[in-house]
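*Asks:* Have a look at this one.
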Amino acid sequence: MADQQDTSRVPHLELKSVSKAFACAGNKVITAVKDFSLVVQKGEAITIIGPSGCGKSTTLRMIGGFIPPDSGEVLLDGVSLSYNGPEQRTIPMVFQSYALFPHMNVFENIAYGLKARKKHRDTIQHDVAMMCQMLNLVGTEDRFPHQLSDGQQQRVALARALVLKPELLLFDEPLSNLDARLRLQTRREIKKMQKLLGITTVYVTHDQSEALSMPDRVVVMNRGAIIQVGTPREVYNNPRTPFVADFIGNANFYDGKILEFTAEKAVVTFNHLEVALDPAQCDGTYLPGDGVFVAILPQSVTLSSYHPPESAYQVPGKIAGLSFNGYSIEYEVEFGETFIRVVVPHNLTFVDEYEVKEQVLMHFHPSSFHLFDSKET
Ligand SMILES: Nc1ncnc2c1ncn2[C@@H]1O[C@H](COP(=O)(O)OP(=O)(O)OP(=O)(O)O)[C@@H](O)[C@H]1O
Ligand SMILES: [Mg+2]
């Protein structure tokens, strides 16, 4: 299992069957988080990803000591959080809105927490200067927040949290106000600092590339519950449910039927294609004739110029549409009576490009197919 831990160590952070519901208008109750359990080791970087409203921020607020769970508990270094009010909260959190002090300049904003902790003047000078250096803020120290760009304000918010050298740092969509380039740059900075300072981080996002590129492990949530936990590669390559294949992998889905199912192989037919899979790629066991859903990740198909197929895993198709985004090209290809999305890297040297209406040959890699017994979660 991806979530296996070394039991000889006390985890830095542990959530034990944590649940939270909110009362809403009309006597309605919304279950925001249900039965959430997670063990996080010291220095580990975790991202929590899921659609809007799935309970990410609520989970983070319970870890941060802002709201108590209805049931279950949050443990820090083995000690249960007490939720005794703001003065008890020691875990810094970086939010989407930076909430800088408007009447303080950059230096004072970053120094605020150190001053509150009665650090020596020289230490404050030294630590703030180091943060400004690391986060590319040198030269902005005397400016006030309204005199800074969004990206600079975000980095000041980050510096203000990092300068305290927290052991645990929480992020709630901290980069969603930034443009794509700054987001990438700040993402790298956070990752570098996290590793450099060995900070345990829990980072909430609904951005798939952020969720996969930053952490040691990803937690995928839907409707208040954890659906899958694993390294980014585990979660991306081996989605446990159709929801994960769709939300993380942007997979293509097809109705299929099982032709044969043994301990050695699973043969499935869909869209006039017959493929033999490793049963490990199937969610559960099946009988011949069972209906299944076949998920194919868009990156697992390759294209070549048309030539007569040489195996059952090569299928002719016609380009129906394409979208170029710099790093890659997403083709929509006619596939039997339906379509398939295929993403290929945009590489000026090695990869051919195709035009709309061009005949191509699709090469399927059966090892990257996944079978599910229902479309649910
Ligand atoms: N204080 C509250 N009172 C009532 N309902 C709430 C409250 N806070 C959150 N909720 C509800 O709980 C659910 C989870 O909310 P939460 O803010 O945790 O979602 P999220 O995953 O962070 O979403 P987003 O990506 O949009 O920020 C939602 O249905 C939300 O409407
Ligand atoms: Mg949120």
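Labels for the structure tokens follow display order: chains A, B, ..., residues from 1 in each chain, ligands from 1.
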Restrict the calculation to only C-alpha atoms, then for each residue of region 165-247 of chain A with any atom at most 9 Å from an atom of region 154-161 of chain A give the closest atom pair and their distance in Å to one decimal, rows by chain and rising residue number, as CSV.
*Replies:*
```
residue,atom,partner,partner_atom,distance
A:Lys165,CA,A:Ala161,CA,7.6
A:Pro166,CA,A:Ala161,CA,7.5
A:Leu169,CA,A:Ala161,CA,7.8
A:Pro174,CA,A:Gln154,CA,7.6
A:Leu175,CA,A:Gln154,CA,7.6
A:Asn177,CA,A:Gln154,CA,8.7
A:Leu178,CA,A:Gln154,CA,8.3
A:Thr186,CA,A:Arg155,CA,7.5
A:Ile190,CA,A:Leu158,CA,8.2
```
*Asks:* Kindly export the residues of the current selection with N, CA, C and O atoms, as an mmCIF file, in the first residue's frame.
*Replies:*
```
data_model
loop_
_atom_site.group_PDB
_atom_site.id
_atom_site.type_symbol
_atom_site.label_atom_id
_atom_site.label_comp_id
_atom_site.auth_asym_id
_atom_site.auth_seq_id
_atom_site.Cartn_x
_atom_site.Cartn_y
_atom_site.Cartn_z
ATOM 1 N N LYS A 165 10.703 29.562 10.532
ATOM 2 C CA LYS A 165 11.215 28.184 10.446
ATOM 3 C C LYS A 165 10.230 27.198 11.081
ATOM 4 O O LYS A 165 10.578 26.423 11.983
ATOM 5 N N PRO A 166 9.007 27.208 10.591
ATOM 6 C CA PRO A 166 8.004 26.319 11.188
ATOM 7 C C PRO A 166 8.336 24.865 10.873
ATOM 8 O O PRO A 166 8.946 24.570 9.847
ATOM 9 N N LEU A 169 3.883 23.559 7.919
ATOM 10 C CA LEU A 169 3.361 24.743 7.232
ATOM 11 C C LEU A 169 2.188 24.299 6.358
ATOM 12 O O LEU A 169 2.277 23.297 5.650
ATOM 13 N N PRO A 174 -2.300 28.751 -2.377
ATOM 14 C CA PRO A 174 -1.593 30.015 -2.221
ATOM 15 C C PRO A 174 -1.223 30.673 -3.541
ATOM 16 O O PRO A 174 -0.907 31.860 -3.557
ATOM 17 N N LEU A 175 -1.286 29.944 -4.647
ATOM 18 C CA LEU A 175 -0.779 30.528 -5.895
ATOM 19 C C LEU A 175 -1.866 30.845 -6.904
ATOM 20 O O LEU A 175 -1.572 31.274 -8.015
ATOM 21 N N ASN A 177 -3.813 33.216 -7.344
ATOM 22 C CA ASN A 177 -3.936 34.590 -7.844
ATOM 23 C C ASN A 177 -2.809 34.980 -8.793
ATOM 24 O O ASN A 177 -2.781 36.105 -9.280
ATOM 25 N N LEU A 178 -1.864 34.087 -8.992
ATOM 26 C CA LEU A 178 -0.694 34.454 -9.793
ATOM 27 C C LEU A 178 -0.843 33.997 -11.241
ATOM 28 O O LEU A 178 -1.540 33.038 -11.519
ATOM 29 N N THR A 186 7.053 30.380 -8.272
ATOM 30 C CA THR A 186 6.826 30.349 -6.821
ATOM 31 C C THR A 186 6.701 28.909 -6.324
ATOM 32 O O THR A 186 7.164 28.562 -5.248
ATOM 33 N N ILE A 190 8.814 27.320 -3.333
ATOM 34 C CA ILE A 190 8.226 26.662 -2.155
ATOM 35 C C ILE A 190 8.840 25.274 -1.988
ATOM 36 O O ILE A 190 9.231 24.872 -0.897
#
```
*Asks:* Using only C-alpha atoms and all ligand atoms, what are the residues with an atom within 12 Å of ligand 1, set out as a ChimeraX atom specification?
*Replies:* /A:19-34,48-62,66-68,95-96,171-174,176,203-207,220-226
*Asks:* With a distance cut-off of 10 Å and only C-alpha atoms, select the neighbouring residues of region 235-250 of chain A, excluding the residue or stretch itself and same-chain residues fewer than 6 positions from it, and output the selection as a ChimeraX atom specification.
*Replies:* /A:2,49-51,206-209,211-212,217-222,227-229,280-283,293-300,341,367-377
*Asks:* Which value, in Å to one decimal, gives the distance between CA of Lys115 (chain A) and CA of Leu76 (chain A)?
*Replies:*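 Separation of CA of Lys115 (chain A) and CA of Leu76 (chain A): 25.2 Å.
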*Asks:* Just to confirm, what's the straight-line distance from CA of Tyr286 (chain A) to CA of Ser311 (chain A) in Å (one decimal)?
*Replies:*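 Atom-to-atom, CA of Tyr286 (chain A) and CA of Ser311 (chain A) are spaced 25.9 Å apart.
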*Asks:* Among region 143-230 of chain A, which residues carry a DSSP assignment of alpha helix (DSSP H), reported as a VMD selection string?
*Replies:* chain A and resid 150 to 162 180 to 197 208 to 213
*Asks:* Restricting it to N, CA and C atoms, dump the selection as a CSV table (one decimal), in the first residue's frame.
*Replies:*
```
chain,number,residue,atom,x,y,z
A,150,ASP,N,1.3,41.4,-7.5
A,150,ASP,CA,0.7,40.2,-6.8
A,150,ASP,C,1.7,39.1,-6.5
A,151,GLY,N,2.6,38.9,-7.4
A,151,GLY,CA,3.6,37.9,-7.2
A,151,GLY,C,4.5,38.2,-6.0
A,152,GLN,N,4.9,39.5,-5.9
A,152,GLN,CA,5.8,39.9,-4.8
A,152,GLN,C,5.0,39.8,-3.5
A,153,GLN,N,3.7,40.2,-3.5
A,153,GLN,CA,3.0,40.1,-2.3
A,153,GLN,C,2.9,38.7,-1.8
A,154,GLN,N,2.7,37.8,-2.8
A,154,GLN,CA,2.6,36.4,-2.4
A,154,GLN,C,3.9,35.9,-1.8
A,155,ARG,N,5.0,36.4,-2.4
A,155,ARG,CA,6.3,35.9,-1.8
A,155,ARG,C,6.5,36.5,-0.4
A,156,VAL,N,6.0,37.7,-0.2
A,156,VAL,CA,6.2,38.3,1.2
A,156,VAL,C,5.4,37.4,2.2
A,157,ALA,N,4.2,37.0,1.7
A,157,ALA,CA,3.3,36.2,2.6
A,157,ALA,C,4.1,34.9,2.9
A,158,LEU,N,4.7,34.4,1.9
A,158,LEU,CA,5.5,33.1,2.0
A,158,LEU,C,6.7,33.3,3.0
A,159,ALA,N,7.4,34.4,2.8
A,159,ALA,CA,8.6,34.8,3.6
A,159,ALA,C,8.2,34.9,5.0
A,160,ARG,N,7.0,35.6,5.3
A,160,ARG,CA,6.5,35.8,6.6
A,160,ARG,C,6.3,34.5,7.4
A,161,ALA,N,5.8,33.5,6.6
A,161,ALA,CA,5.6,32.2,7.2
A,161,ALA,C,6.9,31.4,7.4
A,162,LEU,N,7.7,31.5,6.4
A,162,LEU,CA,9.0,30.7,6.4
A,162,LEU,C,10.0,31.2,7.3
A,180,ALA,N,0.5,32.3,-14.8
A,180,ALA,CA,1.0,30.9,-15.0
A,180,ALA,C,2.5,30.9,-14.7
A,181,ARG,N,3.3,31.9,-15.2
A,181,ARG,CA,4.7,31.9,-15.1
A,181,ARG,C,5.2,32.0,-13.7
A,182,LEU,N,4.5,33.0,-13.0
A,182,LEU,CA,4.8,33.2,-11.6
A,182,LEU,C,4.5,32.1,-10.7
A,183,ARG,N,3.4,31.4,-11.1
A,183,ARG,CA,2.9,30.3,-10.3
A,183,ARG,C,4.0,29.2,-10.4
A,184,LEU,N,4.5,29.0,-11.5
A,184,LEU,CA,5.5,27.9,-11.7
A,184,LEU,C,6.8,28.3,-10.9
A,185,GLN,N,7.2,29.6,-11.0
A,185,GLN,CA,8.4,30.0,-10.3
A,185,GLN,C,8.2,29.9,-8.8
A,186,THR,N,7.1,30.4,-8.3
A,186,THR,CA,6.8,30.3,-6.8
A,186,THR,C,6.7,28.9,-6.3
A,187,ARG,N,6.1,28.1,-7.2
A,187,ARG,CA,6.0,26.7,-6.9
A,187,ARG,C,7.3,26.0,-6.7
A,188,ARG,N,8.3,26.4,-7.5
A,188,ARG,CA,9.7,25.8,-7.4
A,188,ARG,C,10.3,26.4,-6.1
A,189,GLU,N,10.0,27.7,-5.8
A,189,GLU,CA,10.6,28.2,-4.6
A,189,GLU,C,10.1,27.6,-3.4
A,190,ILE,N,8.8,27.3,-3.3
A,190,ILE,CA,8.2,26.7,-2.2
A,190,ILE,C,8.8,25.3,-2.0
A,191,LYS,N,9.0,24.6,-3.1
A,191,LYS,CA,9.5,23.2,-3.0
A,191,LYS,C,10.9,23.2,-2.6
A,192,LYS,N,11.7,24.2,-3.1
A,192,LYS,CA,13.1,24.2,-2.7
A,192,LYS,C,13.3,24.5,-1.2
A,193,MET,N,12.5,25.5,-0.7
A,193,MET,CA,12.5,25.9,0.7
A,193,MET,C,12.1,24.7,1.6
A,194,GLN,N,11.0,24.1,1.1
A,194,GLN,CA,10.4,23.0,1.9
A,194,GLN,C,11.5,21.9,2.1
A,195,LYS,N,12.2,21.5,1.1
A,195,LYS,CA,13.2,20.5,1.2
A,195,LYS,C,14.4,21.0,2.0
A,196,LEU,N,14.8,22.2,1.7
A,196,LEU,CA,16.0,22.8,2.3
A,196,LEU,C,15.9,22.9,3.8
A,197,LEU,N,14.7,23.4,4.3
A,197,LEU,CA,14.4,23.6,5.7
A,197,LEU,C,13.8,22.3,6.3
A,208,GLN,N,-4.1,20.3,-11.0
A,208,GLN,CA,-3.5,19.0,-11.1
A,208,GLN,C,-2.0,19.0,-11.2
A,209,SER,N,-1.5,20.0,-12.0
A,209,SER,CA,0.0,19.9,-12.1
A,209,SER,C,0.7,20.3,-10.8
A,210,GLU,N,0.1,21.3,-10.1
A,210,GLU,CA,0.6,21.7,-8.8
A,210,GLU,C,0.6,20.4,-7.8
A,211,ALA,N,-0.5,19.7,-7.8
A,211,ALA,CA,-0.7,18.6,-6.9
A,211,ALA,C,0.3,17.5,-7.2
A,212,LEU,N,0.7,17.3,-8.5
A,212,LEU,CA,1.6,16.2,-8.8
A,212,LEU,C,3.0,16.6,-8.8
A,213,SER,N,3.3,17.9,-9.0
A,213,SER,CA,4.8,18.3,-9.1
A,213,SER,C,5.4,18.6,-7.8
```
*Asks:* Per DSSP on the backbone, what are the strand (DSSP E or B) residues of region 88-291 of chain A, as a VMD selection string?
*Replies:* chain A and resid 93 to 94 168 to 172 200 to 205 217 to 222 225 to 230 252 to 261 266 to 270 273 to 277 282 291
*Asks:* Counting only C-alpha atoms and all ligand atoms, which residue out of A:Asp179, A:Ser97, A:Asp142, A:Glu310 sits closest to ligand 2?
*Replies:*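 Looking at the shortest contact to ligand 2, the residue is A:Ser97.
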*Asks:* May I ask for the distance between CA of Asp290 (chain A) and CA of Val315 (chain A), given in Å to one decimal place?
*Replies:*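 Taking CA of Asp290 (chain A) as the start and CA of Val315 (chain A) as the end point, the length is 24.3 Å.
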*Asks:* Please provide as an MDAnalysis selection string all residues within 12 Å of region 118-128 of chain A, with the sequence filter that same-chain residues fewer than 3 positions apart are discarded (counting only C-alpha atoms).
*Replies:* chainID A and resid 106:115 131:138 140:141 156 158:165
*Asks:* Would you kindly return, as a PDB file with N, CA and C atoms, in the first residue's frame, each protein, DNA or RNA residue with an atom no farther than 8 Å from any atom of Phe364 (chain A), considering only C-alpha atoms and excluding same-chain residues fewer than 2 positions away?
*Replies:*
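Wrote around.pdb, looks like this:
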```pdb
ATOM      1  N   SER A 300      -0.926   7.694 -22.998  1.00  0.00           N
ATOM      2  CA  SER A 300      -0.483   6.315 -23.163  1.00  0.00           C
ATOM      3  C   SER A 300      -0.654   5.820 -24.597  1.00  0.00           C
ATOM      4  N   VAL A 301      -1.144   6.672 -25.470  1.00  0.00           N
ATOM      5  CA  VAL A 301      -1.314   6.293 -26.872  1.00  0.00           C
ATOM      6  C   VAL A 301      -0.289   7.081 -27.677  1.00  0.00           C
ATOM      7  N   THR A 302       0.374   6.422 -28.624  1.00  0.00           N
ATOM      8  CA  THR A 302       1.265   7.204 -29.498  1.00  0.00           C
ATOM      9  C   THR A 302       0.700   7.178 -30.918  1.00  0.00           C
ATOM     10  N   TYR A 313      -2.939  -4.055 -31.612  1.00  0.00           N
ATOM     11  CA  TYR A 313      -2.813  -2.848 -30.780  1.00  0.00           C
ATOM     12  C   TYR A 313      -2.535  -1.596 -31.604  1.00  0.00           C
ATOM     13  N   GLN A 314      -2.599  -1.752 -32.928  1.00  0.00           N
ATOM     14  CA  GLN A 314      -2.449  -0.587 -33.802  1.00  0.00           C
ATOM     15  C   GLN A 314      -3.783  -0.365 -34.502  1.00  0.00           C
ATOM     16  N   VAL A 315      -4.297   0.828 -34.394  1.00  0.00           N
ATOM     17  CA  VAL A 315      -5.646   1.087 -34.894  1.00  0.00           C
ATOM     18  C   VAL A 315      -5.621   2.349 -35.769  1.00  0.00           C
ATOM     19  N   MET A 362      -2.854   4.736 -34.540  1.00  0.00           N
ATOM     20  CA  MET A 362      -2.714   4.856 -33.080  1.00  0.00           C
ATOM     21  C   MET A 362      -2.084   3.576 -32.548  1.00  0.00           C
ATOM     22  N   PRO A 366      -1.274  -1.559 -23.886  1.00  0.00           N
ATOM     23  CA  PRO A 366      -2.275  -2.156 -22.988  1.00  0.00           C
ATOM     24  C   PRO A 366      -1.905  -2.041 -21.516  1.00  0.00           C
TER      25      PRO A 366
END
```
